2 protein chains.
Amino acid sequence: MKLSQGVEWGLHCASLLALAPAGATVRREQLAGHYALPEAYLAKHLQAMARAGLLRATPGPKGGYRLCRPPESITVLDVVEAVEGRARPFLCQEIRQRGAAAIPPEECTVPCAINTVMDDADDAWRASLRGVTIADLLTRMRPEVRKRNEALLRGERPANGSAHE
Amino acid sequence: MKLSQGVEWGLHCASLLALAPAGATVRREQLAGHYALPEAYLAKHLQAMARAGLLRATPGPKGGYRLCRPPESITVLDVVEAVEGRARPFLCQEIRQRGAAAIPPEECTVPCAINTVMDDADDAWRASLRGVTIADLLTRMRPEVRKRNEALLRGERPANGSAHE
DNA sequence: ACTTCTCGGATATTAGATATCCAGGATACG
DNA sequence: CGTATCCTGGATATCTAATATCCGAGAAGT
(Lines give C-alpha, C1' and ligand atoms only; values in the text may rest on other atoms or scores of the structure.)
Protein backbone atom coordinates (compact mmCIF):
# COMPACT_ATOMS: atom_id res chain seq x y z
CA MET A 1 0.00 0.00 0.00
CA LYS A 2 1.99 2.91 -1.26
CA LEU A 3 0.91 5.98 -3.14
CA SER A 4 2.92 7.01 -6.17
CA GLN A 5 5.08 10.07 -5.67
CA GLY A 6 3.42 11.43 -8.78
CA VAL A 7 0.48 12.33 -6.57
CA GLU A 8 2.64 14.71 -4.58
CA TRP A 9 4.09 16.18 -7.75
CA GLY A 10 0.66 16.60 -9.31
CA LEU A 11 -0.78 18.35 -6.29
CA HIS A 12 2.15 20.73 -5.99
CA CYS A 13 2.02 21.52 -9.71
CA ALA A 14 -1.74 22.06 -9.65
CA SER A 15 -1.33 24.43 -6.71
CA LEU A 16 1.39 26.29 -8.53
CA LEU A 17 -0.67 26.60 -11.70
CA ALA A 18 -3.50 27.99 -9.61
CA LEU A 19 -1.16 30.80 -8.54
CA ALA A 20 -0.29 31.75 -12.12
CA PRO A 21 -2.00 34.83 -13.61
CA ALA A 22 -5.36 33.98 -15.21
CA GLY A 23 -4.90 32.58 -18.70
CA ALA A 24 -1.12 32.39 -18.46
CA THR A 25 0.70 29.17 -19.27
CA VAL A 26 3.64 27.66 -17.41
CA ARG A 27 6.22 25.65 -19.26
CA ARG A 28 7.03 22.13 -18.20
CA GLU A 29 10.67 23.00 -17.59
CA GLN A 30 9.56 25.77 -15.25
CA LEU A 31 7.33 23.42 -13.26
CA ALA A 32 10.08 20.83 -12.95
CA GLY A 33 12.69 23.41 -11.97
CA HIS A 34 10.36 24.86 -9.37
CA TYR A 35 10.61 21.68 -7.30
CA ALA A 36 13.78 20.12 -8.77
CA LEU A 37 11.82 17.27 -10.37
CA PRO A 38 12.95 15.17 -13.36
CA GLU A 39 11.25 16.92 -16.26
CA ALA A 40 10.85 13.87 -18.48
CA TYR A 41 9.09 11.86 -15.83
CA LEU A 42 6.99 14.76 -14.61
CA ALA A 43 5.72 14.96 -18.19
CA LYS A 44 4.03 11.59 -17.76
CA HIS A 45 2.00 12.78 -14.79
CA LEU A 46 1.13 16.10 -16.42
CA GLN A 47 -0.12 14.19 -19.46
CA ALA A 48 -2.30 12.06 -17.21
CA MET A 49 -3.80 15.15 -15.62
CA ALA A 50 -4.37 16.67 -19.04
CA ARG A 51 -6.16 13.50 -20.19
CA ALA A 52 -8.33 13.71 -17.07
CA GLY A 53 -9.41 17.20 -18.08
CA LEU A 54 -7.70 19.01 -15.21
CA LEU A 55 -4.97 20.71 -17.26
CA ARG A 56 -4.76 22.02 -20.77
CA ALA A 57 -1.47 21.76 -22.61
CA THR A 58 -0.63 24.30 -25.30
CA PRO A 59 2.15 23.36 -27.75
CA GLY A 60 4.44 25.80 -29.48
CA PRO A 61 6.30 28.90 -28.36
CA LYS A 62 4.66 30.68 -25.43
CA GLY A 63 2.99 27.34 -24.76
CA GLY A 64 2.79 25.36 -21.55
CA TYR A 65 0.20 24.18 -19.06
CA ARG A 66 -2.72 25.89 -17.39
CA LEU A 67 -5.64 24.75 -15.27
CA CYS A 68 -8.83 23.91 -17.13
CA ARG A 69 -11.11 24.78 -14.23
CA PRO A 70 -11.03 27.24 -11.33
CA PRO A 71 -9.07 25.94 -8.32
CA GLU A 72 -12.25 25.88 -6.24
CA SER A 73 -13.74 23.19 -8.47
CA ILE A 74 -10.70 20.91 -8.60
CA THR A 75 -10.55 18.53 -5.66
CA VAL A 76 -7.53 16.70 -4.32
CA LEU A 77 -9.33 13.50 -5.29
CA ASP A 78 -9.46 14.69 -8.90
CA VAL A 79 -5.68 14.94 -8.99
CA VAL A 80 -5.15 11.68 -7.12
CA GLU A 81 -7.45 9.79 -9.48
CA ALA A 82 -5.88 11.39 -12.54
CA VAL A 83 -2.40 10.28 -11.49
CA GLU A 84 -3.11 7.03 -9.67
CA GLY A 85 -6.11 5.85 -11.61
CA ARG A 86 -9.57 4.98 -10.37
CA ALA A 87 -8.96 1.34 -9.55
CA ARG A 88 -9.85 0.08 -6.08
CA PRO A 89 -6.84 -0.65 -3.89
CA PHE A 90 -8.41 -3.92 -2.79
CA LEU A 91 -9.03 -6.51 -5.49
CA CYS A 92 -11.18 -9.40 -4.28
CA GLN A 93 -9.79 -12.66 -5.65
CA GLU A 94 -12.94 -14.54 -4.64
CA ILE A 95 -10.94 -17.15 -2.80
CA ARG A 96 -14.17 -18.21 -1.12
CA GLN A 97 -14.97 -19.96 -4.38
CA ARG A 98 -11.75 -21.95 -4.36
CA GLY A 99 -10.27 -24.76 -2.31
CA ALA A 100 -11.86 -27.26 0.05
CA ALA A 101 -14.43 -24.75 1.27
CA ALA A 102 -15.36 -23.60 -2.21
CA ILE A 103 -18.77 -22.00 -2.28
CA PRO A 104 -20.74 -22.92 -5.39
CA PRO A 105 -21.29 -19.89 -7.66
CA GLU A 106 -25.05 -20.02 -7.26
CA GLU A 107 -24.63 -19.21 -3.56
CA CYS A 108 -22.45 -16.19 -4.30
CA THR A 109 -25.31 -13.85 -5.04
CA VAL A 110 -24.02 -11.39 -2.43
CA PRO A 111 -20.55 -9.88 -2.76
CA CYS A 112 -17.97 -11.11 -0.31
CA ALA A 113 -18.33 -9.30 3.03
CA ILE A 114 -14.61 -8.65 3.15
CA ASN A 115 -14.78 -7.00 -0.24
CA THR A 116 -17.63 -4.79 0.93
CA VAL A 117 -15.78 -3.68 4.04
CA MET A 118 -12.67 -2.78 2.08
CA ASP A 119 -14.67 -0.86 -0.50
CA ASP A 120 -16.48 1.05 2.23
CA ALA A 121 -13.13 2.11 3.65
CA ASP A 122 -11.99 3.16 0.20
CA ASP A 123 -15.14 5.24 -0.18
CA ALA A 124 -14.34 6.97 3.12
CA TRP A 125 -10.83 7.70 1.87
CA ARG A 126 -12.08 9.16 -1.37
CA ALA A 127 -14.77 11.20 0.37
CA SER A 128 -12.09 12.75 2.57
CA LEU A 129 -9.99 13.71 -0.44
CA ARG A 130 -13.04 15.02 -2.26
CA GLY A 131 -13.66 17.46 0.58
CA VAL A 132 -10.52 19.48 -0.13
CA THR A 133 -9.92 21.60 -3.23
CA ILE A 134 -6.78 23.08 -4.74
CA ALA A 135 -8.06 26.47 -3.58
CA ASP A 136 -8.14 25.13 -0.02
CA LEU A 137 -4.51 24.12 -0.33
CA LEU A 138 -3.59 27.67 -1.34
CA THR A 139 -5.40 29.00 1.71
CA ARG A 140 -3.23 26.87 3.94
CA MET A 141 -0.08 28.15 2.26
CA ARG A 142 1.83 30.79 4.20
CA PRO A 143 1.37 34.25 2.61
CA GLU A 144 5.08 34.92 2.16
CA VAL A 145 5.56 31.53 0.49
CA ARG A 146 2.62 32.20 -1.78
CA LYS A 147 4.02 35.59 -2.75
CA ARG A 148 7.41 34.15 -3.53
CA ASN A 149 5.83 31.52 -5.74
CA GLU A 150 3.76 34.11 -7.57
CA ALA A 151 6.85 36.23 -8.11
CA LEU A 152 8.74 33.27 -9.52
CA LEU A 153 5.88 32.54 -11.90
CA ARG A 154 6.09 36.13 -13.15
CA GLY A 155 9.72 35.47 -14.02
CA GLU A 156 11.18 37.49 -11.16
CA ARG A 157 14.27 35.94 -9.68
CA PRO A 158 14.53 36.54 -5.94
CA ALA A 159 17.88 37.68 -4.55
CA ASN A 160 20.17 34.81 -3.56
CA GLY A 161 19.11 34.50 0.07
CA SER A 162 15.36 34.84 -0.23
CA ALA A 163 15.26 34.17 3.49
CA HIS A 164 15.53 37.80 4.58
CA GLU A 165 11.90 38.58 5.14
CA MET B 1 -2.03 2.16 -4.72
CA LYS B 2 -2.65 -1.49 -4.36
CA LEU B 3 -3.29 -3.56 -1.27
CA SER B 4 -1.39 -6.79 -0.87
CA GLN B 5 -3.45 -9.89 -1.51
CA GLY B 6 -2.18 -11.07 1.87
CA VAL B 7 -4.82 -8.83 3.41
CA GLU B 8 -7.57 -10.88 1.80
CA TRP B 9 -5.91 -14.10 2.88
CA GLY B 10 -5.44 -12.86 6.42
CA LEU B 11 -9.03 -11.77 6.80
CA HIS B 12 -10.39 -15.04 5.45
CA CYS B 13 -8.08 -17.05 7.70
CA ALA B 14 -8.97 -14.99 10.75
CA SER B 15 -12.65 -15.51 10.03
CA LEU B 16 -12.09 -19.21 9.63
CA LEU B 17 -10.15 -19.48 12.87
CA ALA B 18 -13.00 -17.68 14.59
CA LEU B 19 -15.30 -20.52 13.50
CA ALA B 20 -13.06 -23.21 14.99
CA PRO B 21 -14.11 -24.75 18.33
CA ALA B 22 -12.78 -22.74 21.29
CA GLY B 23 -9.16 -23.62 22.05
CA ALA B 24 -8.75 -25.77 18.97
CA THR B 25 -5.85 -25.21 16.60
CA VAL B 26 -5.91 -25.31 12.80
CA ARG B 27 -2.89 -26.45 10.87
CA ARG B 28 -1.39 -24.23 8.22
CA GLU B 29 -1.93 -26.85 5.55
CA GLN B 30 -5.61 -26.92 6.45
CA LEU B 31 -5.91 -23.15 6.18
CA ALA B 32 -4.15 -23.09 2.83
CA GLY B 33 -6.18 -25.98 1.46
CA HIS B 34 -9.40 -24.36 2.57
CA TYR B 35 -8.91 -21.59 0.02
CA ALA B 36 -6.40 -23.22 -2.34
CA LEU B 37 -3.63 -20.84 -1.30
CA PRO B 38 0.13 -21.49 -1.60
CA GLU B 39 0.97 -22.76 1.86
CA ALA B 40 4.57 -21.51 1.96
CA TYR B 41 3.61 -17.96 1.12
CA LEU B 42 0.57 -17.95 3.37
CA ALA B 43 2.99 -18.80 6.16
CA LYS B 44 4.61 -15.37 5.79
CA HIS B 45 1.34 -13.60 6.42
CA LEU B 46 0.36 -15.87 9.30
CA GLN B 47 3.73 -15.14 10.87
CA ALA B 48 3.08 -11.43 10.56
CA MET B 49 -0.29 -11.81 12.26
CA ALA B 50 1.27 -13.87 15.02
CA ARG B 51 3.92 -11.20 15.58
CA ALA B 52 1.14 -8.63 15.83
CA GLY B 53 -0.46 -10.63 18.61
CA LEU B 54 -3.56 -11.66 16.70
CA LEU B 55 -2.73 -15.34 16.34
CA ARG B 56 -0.84 -17.83 18.41
CA ALA B 57 1.15 -20.50 16.65
CA THR B 58 1.66 -23.78 18.46
CA PRO B 59 4.51 -25.94 17.20
CA GLY B 60 4.60 -29.68 17.35
CA PRO B 61 2.03 -32.38 16.72
CA LYS B 62 -1.59 -31.30 17.22
CA GLY B 63 -0.20 -27.79 16.74
CA GLY B 64 -1.41 -25.04 14.48
CA TYR B 65 -2.91 -21.60 14.73
CA ARG B 66 -5.63 -20.16 16.90
CA LEU B 67 -6.90 -16.66 17.61
CA CYS B 68 -5.36 -14.89 20.59
CA ARG B 69 -8.42 -12.77 21.29
CA PRO B 70 -12.17 -13.16 20.87
CA PRO B 71 -13.39 -12.28 17.36
CA GLU B 72 -15.34 -9.32 18.74
CA SER B 73 -12.12 -7.62 19.82
CA ILE B 74 -10.18 -8.11 16.57
CA THR B 75 -10.88 -5.43 14.02
CA VAL B 76 -10.33 -5.59 10.29
CA LEU B 77 -7.79 -2.82 10.77
CA ASP B 78 -5.83 -5.05 13.13
CA VAL B 79 -5.42 -7.64 10.40
CA VAL B 80 -4.69 -5.09 7.68
CA GLU B 81 -2.00 -3.42 9.78
CA ALA B 82 -0.51 -6.75 10.76
CA VAL B 83 -0.15 -7.81 7.13
CA GLU B 84 0.46 -4.49 5.39
CA GLY B 85 2.29 -2.65 8.11
CA ARG B 86 1.47 0.63 9.76
CA ALA B 87 3.27 2.92 7.33
CA ARG B 88 1.35 5.77 5.76
CA PRO B 89 0.55 5.24 2.08
CA PHE B 90 1.60 8.82 1.33
CA LEU B 91 5.23 9.70 1.98
CA CYS B 92 5.87 13.44 1.79
CA GLN B 93 9.16 14.05 -0.03
CA GLU B 94 9.17 17.71 1.06
CA ILE B 95 9.69 18.88 -2.48
CA ARG B 96 8.65 22.35 -1.29
CA GLN B 97 12.16 22.61 0.15
CA ARG B 98 13.82 21.83 -3.16
CA GLY B 99 14.25 23.59 -6.50
CA ALA B 100 13.85 27.21 -7.53
CA ALA B 101 10.99 27.76 -5.07
CA ALA B 102 12.77 26.12 -2.18
CA ILE B 103 11.35 27.21 1.14
CA PRO B 104 14.06 27.74 3.76
CA PRO B 105 13.77 25.16 6.57
CA GLU B 106 13.08 27.80 9.20
CA GLU B 107 9.80 28.60 7.41
CA CYS B 108 8.73 24.96 7.41
CA THR B 109 7.45 24.97 10.96
CA VAL B 110 4.07 23.69 9.80
CA PRO B 111 3.81 20.36 7.95
CA CYS B 112 3.04 20.56 4.26
CA ALA B 113 -0.69 21.08 3.69
CA ILE B 114 -0.71 18.33 1.09
CA ASN B 115 0.79 15.93 3.59
CA THR B 116 -1.87 16.84 6.13
CA VAL B 117 -4.70 16.29 3.69
CA MET B 118 -3.39 12.89 2.67
CA ASP B 119 -2.91 11.81 6.27
CA ASP B 120 -6.43 12.92 7.15
CA ALA B 121 -7.76 10.71 4.36
CA ASP B 122 -5.67 7.83 5.63
CA ASP B 123 -7.11 8.36 9.11
CA ALA B 124 -10.61 8.17 7.64
CA TRP B 125 -9.70 4.92 5.89
CA ARG B 126 -8.33 3.39 9.07
CA ALA B 127 -11.29 4.56 11.12
CA SER B 128 -13.61 2.81 8.69
CA LEU B 129 -11.69 -0.44 8.97
CA ARG B 130 -11.53 -0.12 12.75
CA GLY B 131 -15.33 -0.08 12.87
CA VAL B 132 -15.68 -3.67 11.70
CA THR B 133 -14.60 -6.75 13.66
CA ILE B 134 -14.00 -10.33 12.64
CA ALA B 135 -17.20 -11.20 14.50
CA ASP B 136 -19.07 -8.77 12.26
CA LEU B 137 -17.72 -10.56 9.21
CA LEU B 138 -19.10 -13.86 10.52
CA THR B 139 -22.50 -12.25 10.99
CA ARG B 140 -22.54 -11.30 7.33
CA MET B 141 -21.68 -14.85 6.29
CA ARG B 142 -24.60 -16.92 5.04
CA PRO B 143 -25.66 -19.53 7.63
CA GLU B 144 -25.25 -22.52 5.32
CA VAL B 145 -21.76 -21.38 4.31
CA ARG B 146 -20.84 -20.91 7.93
CA LYS B 147 -22.09 -24.40 8.79
CA ARG B 148 -20.14 -25.97 5.97
CA ASN B 149 -16.97 -24.22 7.11
CA GLU B 150 -17.49 -25.36 10.69
CA ALA B 151 -18.02 -28.92 9.50
CA LEU B 152 -14.81 -28.81 7.49
CA LEU B 153 -12.92 -27.56 10.51
CA ARG B 154 -14.23 -30.52 12.47
CA GLY B 155 -12.69 -32.78 9.86
CA GLU B 156 -15.93 -33.77 8.19
CA ARG B 157 -15.67 -34.07 4.44
CA PRO B 158 -18.86 -33.01 2.68
CA ALA B 159 -20.19 -35.22 -0.11
CA ASN B 160 -18.80 -34.44 -3.54
CA GLY B 161 -21.49 -32.01 -4.64
CA SER B 162 -22.04 -30.00 -1.46
CA ALA B 163 -24.46 -27.92 -3.47
CA HIS B 164 -27.54 -30.04 -2.73
CA GLU B 165 -28.97 -28.16 0.20
C1' DA C 1 14.83 -40.32 21.41
C1' DC C 2 11.72 -39.73 17.61
C1' DT C 3 8.14 -37.74 15.04
C1' DT C 4 5.48 -33.78 13.91
C1' DC C 5 5.01 -29.20 13.06
C1' DT C 6 6.11 -24.18 12.93
C1' DC C 7 9.65 -20.42 12.56
C1' DG C 8 12.98 -17.67 10.24
C1' DG C 9 16.28 -16.79 6.74
C1' DA C 10 17.94 -17.17 2.07
C1' DT C 11 16.68 -17.03 -2.47
C1' DA C 12 14.29 -16.78 -7.16
C1' DT C 13 10.62 -14.67 -10.02
C1' DT C 14 7.48 -11.20 -11.43
C1' DA C 15 5.09 -6.83 -11.66
C1' DG C 16 4.91 -2.09 -11.13
C1' DA C 17 7.06 2.36 -10.25
C1' DT C 18 10.68 5.28 -11.62
C1' DA C 19 13.33 7.46 -15.17
C1' DT C 20 15.01 8.68 -19.87
C1' DC C 21 15.07 9.46 -24.79
C1' DC C 22 13.50 10.51 -29.34
C1' DA C 23 10.45 10.92 -33.44
C1' DG C 24 6.26 13.39 -34.55
C1' DG C 25 3.07 17.17 -34.54
C1' DA C 26 1.21 21.64 -33.26
C1' DT C 27 1.85 26.64 -32.59
C1' DA C 28 3.88 31.30 -32.70
C1' DC C 29 6.81 34.48 -34.85
C1' DG C 30 9.52 36.57 -38.33
C1' DC D 1 6.50 29.93 -45.53
C1' DG D 2 10.26 28.48 -42.73
C1' DT D 3 12.16 28.09 -38.23
C1' DA D 4 12.35 27.76 -33.35
C1' DT D 5 9.67 26.31 -29.48
C1' DC D 6 7.06 23.10 -26.86
C1' DC D 7 3.95 19.14 -25.84
C1' DT D 8 2.60 14.07 -27.16
C1' DG D 9 3.22 9.30 -27.32
C1' DG D 10 5.83 5.22 -27.70
C1' DA D 11 9.91 2.49 -26.75
C1' DT D 12 13.10 1.36 -23.43
C1' DA D 13 16.08 0.76 -19.23
C1' DT D 14 16.46 0.49 -14.17
C1' DC D 15 15.08 -0.34 -9.61
C1' DT D 16 12.14 -1.56 -5.82
C1' DA D 17 8.51 -4.23 -3.75
C1' DA D 18 5.30 -8.01 -3.99
C1' DT D 19 4.93 -12.78 -4.91
C1' DA D 20 6.49 -17.41 -4.29
C1' DT D 21 9.40 -21.37 -2.79
C1' DC D 22 12.66 -24.10 -0.13
C1' DC D 23 15.18 -25.82 3.79
C1' DG D 24 17.60 -25.97 8.27
C1' DA D 25 16.64 -25.01 13.17
C1' DG D 26 13.95 -25.46 17.05
C1' DA D 27 9.90 -26.50 19.91
C1' DA D 28 6.24 -29.65 21.52
C1' DG D 29 3.92 -34.05 21.84
C1' DT D 30 4.47 -39.32 22.18
# chains A, B, ... in the order shown; residues from 1 in each chain; ligands from 1
>>> closest_atom_pairs(of="chain D", to="chain A", cutoff="8 Å", atoms="only C-alpha atoms (C1' of nucleotides)", output="Markdown table")
| residue | atom | partner | partner_atom | distance |
| --- | --- | --- | --- | --- |
| D:DA4 | C1' | A:Pro61 | CA | 7.9 |
| D:DT5 | C1' | A:Pro61 | CA | 4.4 |
| D:DC6 | C1' | A:Gly60 | CA | 4.6 |
| D:DC7 | C1' | A:Pro59 | CA | 5.0 |
>>> write_last_selection(atoms="N, CA, C and O atoms (P, O5', C5', C4', C3', O3' and C1' of nucleotides)", output="mmCIF file, in the first residue's frame")
data_model
loop_
_atom_site.group_PDB
_atom_site.id
_atom_site.type_symbol
_atom_site.label_atom_id
_atom_site.label_comp_id
_atom_site.auth_asym_id
_atom_site.auth_seq_id
_atom_site.Cartn_x
_atom_site.Cartn_y
_atom_site.Cartn_z
ATOM 1 P P DA D 4 16.138 27.475 -36.543
ATOM 2 O "O5'" DA D 4 15.651 27.837 -35.061
ATOM 3 C "C5'" DA D 4 15.273 29.176 -34.746
ATOM 4 C "C4'" DA D 4 14.214 29.163 -33.662
ATOM 5 C "C3'" DA D 4 14.520 28.221 -32.486
ATOM 6 O "O3'" DA D 4 14.334 28.917 -31.270
ATOM 7 C "C1'" DA D 4 12.355 27.759 -33.350
ATOM 8 P P DT D 5 14.582 28.188 -29.836
ATOM 9 O "O5'" DT D 5 13.128 27.837 -29.310
ATOM 10 C "C5'" DT D 5 12.131 28.860 -29.243
ATOM 11 C "C4'" DT D 5 10.786 28.255 -28.887
ATOM 12 C "C3'" DT D 5 10.803 27.317 -27.664
ATOM 13 O "O3'" DT D 5 9.809 27.753 -26.759
ATOM 14 C "C1'" DT D 5 9.665 26.311 -29.483
ATOM 15 P P DC D 6 9.877 27.363 -25.203
ATOM 16 O "O5'" DC D 6 8.863 26.140 -25.104
ATOM 17 C "C5'" DC D 6 7.472 26.354 -25.375
ATOM 18 C "C4'" DC D 6 6.801 25.017 -25.629
ATOM 19 C "C3'" DC D 6 7.132 23.920 -24.604
ATOM 20 O "O3'" DC D 6 5.995 23.665 -23.821
ATOM 21 C "C1'" DC D 6 7.064 23.101 -26.857
ATOM 22 P P DC D 7 5.976 22.448 -22.714
ATOM 23 O "O5'" DC D 7 4.970 21.381 -23.338
ATOM 24 C "C5'" DC D 7 3.628 21.764 -23.589
ATOM 25 C "C4'" DC D 7 2.946 20.741 -24.474
ATOM 26 C "C3'" DC D 7 2.730 19.376 -23.820
ATOM 27 O "O3'" DC D 7 1.396 18.925 -24.057
ATOM 28 C "C1'" DC D 7 3.948 19.136 -25.843
#
>>> interface_residues(of="chain C", to="chain A", cutoff="9 Å", atoms="only C-alpha atoms (C1' of nucleotides)", output="PyMOL selection string")
chain C and resi 17-21+26-29
>>> write_last_selection(atoms="N, CA and C atoms (P, O5', C5', C4', C3', O3' and C1' of nucleotides)", output="PDB file, in the first residue's frame")
ATOM      1  P    DA C  17       2.217   1.125 -10.327  1.00  0.00           P
ATOM      2  O5'  DA C  17       3.487   1.964  -9.837  1.00  0.00           O
ATOM      3  C5'  DA C  17       4.098   1.633  -8.593  1.00  0.00           C
ATOM      4  C4'  DA C  17       5.491   2.218  -8.518  1.00  0.00           C
ATOM      5  C3'  DA C  17       5.587   3.684  -8.944  1.00  0.00           C
ATOM      6  O3'  DA C  17       6.429   4.373  -8.040  1.00  0.00           O
ATOM      7  C1'  DA C  17       7.061   2.364 -10.245  1.00  0.00           C
ATOM      8  P    DT C  18       6.626   5.957  -8.227  1.00  0.00           P
ATOM      9  O5'  DT C  18       8.020   6.069  -8.987  1.00  0.00           O
ATOM     10  C5'  DT C  18       9.181   5.501  -8.403  1.00  0.00           C
ATOM     11  C4'  DT C  18      10.346   5.562  -9.351  1.00  0.00           C
ATOM     12  C3'  DT C  18      10.641   6.951  -9.945  1.00  0.00           C
ATOM     13  O3'  DT C  18      11.977   7.307  -9.632  1.00  0.00           O
ATOM     14  C1'  DT C  18      10.679   5.280 -11.618  1.00  0.00           C
ATOM     15  P    DA C  19      12.474   8.856  -9.907  1.00  0.00           P
ATOM     16  O5'  DA C  19      13.030   8.792 -11.391  1.00  0.00           O
ATOM     17  C5'  DA C  19      14.118   7.944 -11.680  1.00  0.00           C
ATOM     18  C4'  DA C  19      14.361   7.886 -13.175  1.00  0.00           C
ATOM     19  C3'  DA C  19      14.315   9.234 -13.896  1.00  0.00           C
ATOM     20  O3'  DA C  19      15.649   9.608 -14.225  1.00  0.00           O
ATOM     21  C1'  DA C  19      13.326   7.459 -15.171  1.00  0.00           C
ATOM     22  P    DT C  20      15.910  10.969 -15.022  1.00  0.00           P
ATOM     23  O5'  DT C  20      16.021  10.472 -16.531  1.00  0.00           O
ATOM     24  C5'  DT C  20      16.760   9.296 -16.818  1.00  0.00           C
ATOM     25  C4'  DT C  20      16.676   8.957 -18.295  1.00  0.00           C
ATOM     26  C3'  DT C  20      16.764  10.161 -19.238  1.00  0.00           C
ATOM     27  O3'  DT C  20      17.915  10.019 -20.055  1.00  0.00           O
ATOM     28  C1'  DT C  20      15.007   8.684 -19.874  1.00  0.00           C
ATOM     29  P    DC C  21      18.380  11.247 -21.015  1.00  0.00           P
ATOM     30  O5'  DC C  21      17.868  10.777 -22.443  1.00  0.00           O
ATOM     31  C5'  DC C  21      18.030   9.415 -22.814  1.00  0.00           C
ATOM     32  C4'  DC C  21      17.262   9.125 -24.091  1.00  0.00           C
ATOM     33  C3'  DC C  21      17.288  10.255 -25.125  1.00  0.00           C
ATOM     34  O3'  DC C  21      17.794   9.766 -26.363  1.00  0.00           O
ATOM     35  C1'  DC C  21      15.074   9.455 -24.790  1.00  0.00           C
ATOM     36  P    DA C  26      -0.896  18.058 -36.004  1.00  0.00           P
ATOM     37  O5'  DA C  26      -1.145  19.318 -35.068  1.00  0.00           O
ATOM     38  C5'  DA C  26      -1.249  19.141 -33.657  1.00  0.00           C
ATOM     39  C4'  DA C  26      -0.709  20.370 -32.955  1.00  0.00           C
ATOM     40  C3'  DA C  26      -1.135  21.702 -33.593  1.00  0.00           C
ATOM     41  O3'  DA C  26      -1.698  22.528 -32.595  1.00  0.00           O
ATOM     42  C1'  DA C  26       1.208  21.644 -33.256  1.00  0.00           C
ATOM     43  P    DT C  27      -2.612  23.808 -33.053  1.00  0.00           P
ATOM     44  O5'  DT C  27      -1.696  25.059 -32.666  1.00  0.00           O
ATOM     45  C5'  DT C  27      -1.157  25.156 -31.352  1.00  0.00           C
ATOM     46  C4'  DT C  27      -0.009  26.141 -31.336  1.00  0.00           C
ATOM     47  C3'  DT C  27      -0.300  27.481 -32.018  1.00  0.00           C
ATOM     48  O3'  DT C  27      -0.209  28.506 -31.046  1.00  0.00           O
ATOM     49  C1'  DT C  27       1.853  26.642 -32.587  1.00  0.00           C
ATOM     50  P    DA C  28      -0.835  29.974 -31.318  1.00  0.00           P
ATOM     51  O5'  DA C  28       0.503  30.845 -31.422  1.00  0.00           O
ATOM     52  C5'  DA C  28       1.335  30.961 -30.284  1.00  0.00           C
ATOM     53  C4'  DA C  28       2.701  31.463 -30.694  1.00  0.00           C
ATOM     54  C3'  DA C  28       2.703  32.852 -31.341  1.00  0.00           C
ATOM     55  O3'  DA C  28       3.665  33.656 -30.689  1.00  0.00           O
ATOM     56  C1'  DA C  28       3.876  31.299 -32.695  1.00  0.00           C
ATOM     57  P    DC C  29       3.581  35.261 -30.807  1.00  0.00           P
ATOM     58  O5'  DC C  29       4.894  35.625 -31.610  1.00  0.00           O
ATOM     59  C5'  DC C  29       6.073  34.852 -31.397  1.00  0.00           C
ATOM     60  C4'  DC C  29       6.992  34.980 -32.598  1.00  0.00           C
ATOM     61  C3'  DC C  29       6.874  36.316 -33.353  1.00  0.00           C
ATOM     62  O3'  DC C  29       8.136  36.928 -33.409  1.00  0.00           O
ATOM     63  C1'  DC C  29       6.808  34.480 -34.851  1.00  0.00           C
TER      64       DC C  29
END
>>> interface_residues(of="chain B", to="chain A", cutoff="6 Å", atoms="only C-alpha atoms", output="PyMOL selection string")
chain B and resi 1-3+33-36+89-90+95+98-101+121+124-125+128
